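Peer 1: Sharing a structure below in structure tokens format, with a few things to ask.
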Amino acid sequence: MVIGKGTKAIHAWRDIDLSSIKPITMPLYSSIPYEFPTEYRVYGKVLKYSREENPTVYAFEYTLAQLEKCRYGLAFSSGMSSISTLFTLASLKGKVLVICKEDYGSTLTLARKLKSIGLRVNETLPNEEDIVNHIENEGIVFLESITNPLLKVFDLEVIGKACKESNALMVVDNTFASPVLLNPVDYGSDIVIYSITKYIGGYNDVLGGAILLNDELLLNELLELRKLLGTIMSPYSAYLALRGLKTLKVRVLKHSENAKIIAEFLEDHPKVEEVYYPGLKSNPRYEIACKLLKGGFGGVISFTIKGTTNDAINLLRRFKIIKPSPSFGGTESLIIHPLSSSHKDLSEEDRRILGIKGNLLRLSVGLEDVEDIMEDLNSALSTL
Ligand code: PLP
């Protein structure tokens, strides 16, 4: 058959035999549809369309699941899309969702908004006792292993036992700790959530989320919802996220090492009022942090300055290396003023309950030379 240039341009590459290629890194399968019949299956389903599954996305899911000691992993287009897919499931099943007031601001806001379309929500204070008291039989408990912005480490063992007793599902957003420092399943967690955008992506250039779990029924329910809501991760993001996983351990340990040095430096600084970091002996939850976190205490530090809200906001412009920017967990050191950014939607009452003050700053310690980060902090603080 003689074929035209238009057809050749589209199909000629198919003459190349690719079957003996053994790539060293997982290729990016950017193709969205797949030809059938094929034997290739993901979670028992034949590969056909990338809103359901994709080989590169699956390679990332499989690898992350291994790190999290889980059988199954599902990747999403952002941390919030994994959370919104889970909340949709909670709503469809009529489950009572217990949510902590110190969860990530958008998680809390989403739960509150979904109440108007039927999600049953129970809000708790950020302490084990209140969380345990709010658990409903067969409900869902959603918490973060290290909270934002005050970096409290919850005793997951206590909460895990209480969830088991009530047959409730324990969901842990482990974004701040990453699977390097903590595996929530060791303490009874049924579902682990991530914003991949942070430590796992690691380079401030990929947006993504993930859900890790062991229960097959839940897996199938989430797979169906992810397909219907269209919340799956893009193949290119999965490619970057998989690359991020390769250096995750090295990076998280170094972020943690740098952060501990900086936290100790800030604790002694005359312009600093209080430092919130789980790895400081002065932290009221230091013992719990030592029990749960292995190899380090994470790369994020919050601290209050000796000054006003305006002083804290103005300080953001006085850094040379540290950038005022909302994310965390990447190679670049970033700083925010929570009250005017991540937590601006919280009511006056919630801020008071949580203890988020106007002079509080949250620093994500990057992988720059630690002496340079310290010098940058010191010269900015000395202007106060
Ligand atoms: N969970 C936590 C703990 C977060 O800090 C964030 C974002 O900062 C999210 C979830 C949402 O992630 P994403 O920005 O990837 O949607």
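Ordering of the structure tokens sets the chain letters (A, B, ...); residue numbers start at 1 within each chain; ligands are numbered from 1 in the order shown.
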Counting only C-alpha atoms and all ligand atoms, what are the residues, protein, DNA or RNA alike, that approach ligand 1 to within 9 Å? I want them as a PyMOL selection string.
Peer 2: chain A and resi 77-83+103-107+144-149+173-176+193-198+206-209+326-328+342
Peer 1: What is the distance between atom CA of A:Glu267 and atom CA of A:Asp345, in Å to one decimal?
Peer 2: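 Distance reported for this atom pair: 29.2 Å.
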Peer 1: If you take only C-alpha atoms and a cut-off of 10 Å, which residues of stretch 189-238 of chain A touch stretch 28-42 of chain A, and what are their nearest atom pairs and distances in Å to one decimal, in chain and number order, as CSV?
Peer 2:
```
residue,atom,partner,partner_atom,distance
A:Ser234,CA,A:Ser30,CA,8.6
A:Pro235,CA,A:Ser30,CA,5.9
A:Tyr236,CA,A:Leu28,CA,6.6
A:Ser237,CA,A:Leu28,CA,9.5
A:Ala238,CA,A:Leu28,CA,8.3
```
Peer 1: Those selected residues, please, written with N, CA and C atoms and delivered as a PDB file, in the first residue's frame.
Peer 2:
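File selection.pdb, as written:
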```pdb
ATOM      1  N   SER A 234      -0.812  13.805  36.009  1.00  0.00           N
ATOM      2  CA  SER A 234      -0.424  13.762  34.590  1.00  0.00           C
ATOM      3  C   SER A 234       0.831  12.903  34.435  1.00  0.00           C
ATOM      4  N   PRO A 235       1.015  12.271  33.254  1.00  0.00           N
ATOM      5  CA  PRO A 235       2.212  11.434  33.064  1.00  0.00           C
ATOM      6  C   PRO A 235       3.507  12.216  33.287  1.00  0.00           C
ATOM      7  N   TYR A 236       3.557  13.469  32.842  1.00  0.00           N
ATOM      8  CA  TYR A 236       4.792  14.235  32.999  1.00  0.00           C
ATOM      9  C   TYR A 236       5.084  14.506  34.487  1.00  0.00           C
ATOM     10  N   SER A 237       4.044  14.816  35.247  1.00  0.00           N
ATOM     11  CA  SER A 237       4.247  15.028  36.688  1.00  0.00           C
ATOM     12  C   SER A 237       4.731  13.742  37.345  1.00  0.00           C
ATOM     13  N   ALA A 238       4.162  12.590  36.899  1.00  0.00           N
ATOM     14  CA  ALA A 238       4.570  11.303  37.469  1.00  0.00           C
ATOM     15  C   ALA A 238       6.045  11.030  37.165  1.00  0.00           C
TER      16      ALA A 238
END
```
Peer 1: Going by DSSP on the backbone, which residues of stretch 47-281 of chain A come out as strand (DSSP E or B)? List them as number ranges by chain.
Peer 2: A: 49, 72-76, 96-100, 120-124, 140-144, 146, 153, 169-173, 191-195, 209-213, 232, 272-276
Peer 1: Residues of stretch 101-295 of chain A classed as helix (DSSP H, G or I) by DSSP on the backbone are to be reported as an NGL selection string.
Peer 2: :A and (105-117 or 128-134 or 156-165 or 178-181 or 184-187 or 216-229 or 235-267 or 286-292)
Peer 1: Set the distance at 7 Å and use only C-alpha atoms: which residues neighbour stretch 273-282 of chain A once local chain neighbours fewer than 4 positions away are removed? I'd like the list as a PyMOL selection string.
Peer 2: chain A and resi 150-153+260+263+266-267+286+289+297+301-306
Peer 1: Could you write out that same residue set with C-alpha atoms as a PDB file, in the first residue's frame?
Peer 2:
```pdb
ATOM      1  CA  LEU A 150       3.178  24.869  64.613  1.00  0.00           C
ATOM      2  CA  LEU A 151       4.753  21.515  63.690  1.00  0.00           C
ATOM      3  CA  LYS A 152       3.142  19.409  66.405  1.00  0.00           C
ATOM      4  CA  VAL A 153       3.792  15.675  66.181  1.00  0.00           C
ATOM      5  CA  LYS A 260      18.036  21.211  63.249  1.00  0.00           C
ATOM      6  CA  ALA A 263      16.389  25.717  64.827  1.00  0.00           C
ATOM      7  CA  LEU A 266      17.182  30.587  66.138  1.00  0.00           C
ATOM      8  CA  GLU A 267      16.503  29.379  69.677  1.00  0.00           C
ATOM      9  CA  TYR A 286      10.008  16.101  71.746  1.00  0.00           C
ATOM     10  CA  ALA A 289       8.733  13.131  67.938  1.00  0.00           C
ATOM     11  CA  PHE A 297      12.748  15.858  62.442  1.00  0.00           C
ATOM     12  CA  ILE A 301      10.681  25.417  61.383  1.00  0.00           C
ATOM     13  CA  SER A 302       8.273  28.033  62.673  1.00  0.00           C
ATOM     14  CA  PHE A 303       9.314  30.876  64.947  1.00  0.00           C
ATOM     15  CA  THR A 304       7.977  34.071  66.433  1.00  0.00           C
ATOM     16  CA  ILE A 305      10.086  37.205  66.319  1.00  0.00           C
ATOM     17  CA  LYS A 306      10.366  39.864  68.995  1.00  0.00           C
TER      18      LYS A 306
END
```
Peer 1: Can you work out which one of A:Ile131, A:Leu67, A:Ala210, A:Ala177 has the shortest atom-to-atom distance to A:Ser84, counting only C-alpha atoms?
Peer 2: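 Closest to A:Ser84, using only C-alpha atoms: A:Ala210.
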Peer 1: Nearest residue to A:Leu119 out of A:Thr308, A:Ser91, A:Thr247, A:Asn283, using only C-alpha atoms?
Peer 2: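 The answer is A:Ser91, which sits nearest to A:Leu119.
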Peer 1: Which one is closest to A:Asn133: A:Asn359, A:Ser20, A:Thr7, A:Ser166? Count only C-alpha atoms.
Peer 2: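 Under the stated criterion, the closest residue is A:Ser166.
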Peer 1: What does the distance from atom CA of A:Val365 to atom CA of A:Thr63 come to in Å, to one decimal?
Peer 2: 25.9 Å
Peer 1: Taking into account only C-alpha atoms, which residue in the set A:Asp376, A:Thr383, A:Ser333, A:Val250 is nearest to A:Asp311?
Peer 2: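 Among the listed residues, the smallest separation from A:Asp311 belongs to A:Thr383.
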Peer 1: Using only C-alpha atoms, which of the listed residues (A:Arg285, A:Lys249, A:Lys357, A:Arg351) sits closest to A:Lys101?
Peer 2: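 That would be A:Arg351, the residue with the smallest distance to A:Lys101.
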Peer 1: Rounded to one decimal place, report the atom CA of A:Ile191-atom CA of A:Ala168 distance in Å.
Peer 2: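 Spanning atom CA of A:Ile191 to atom CA of A:Ala168 is a straight-line distance of 11.4 Å.
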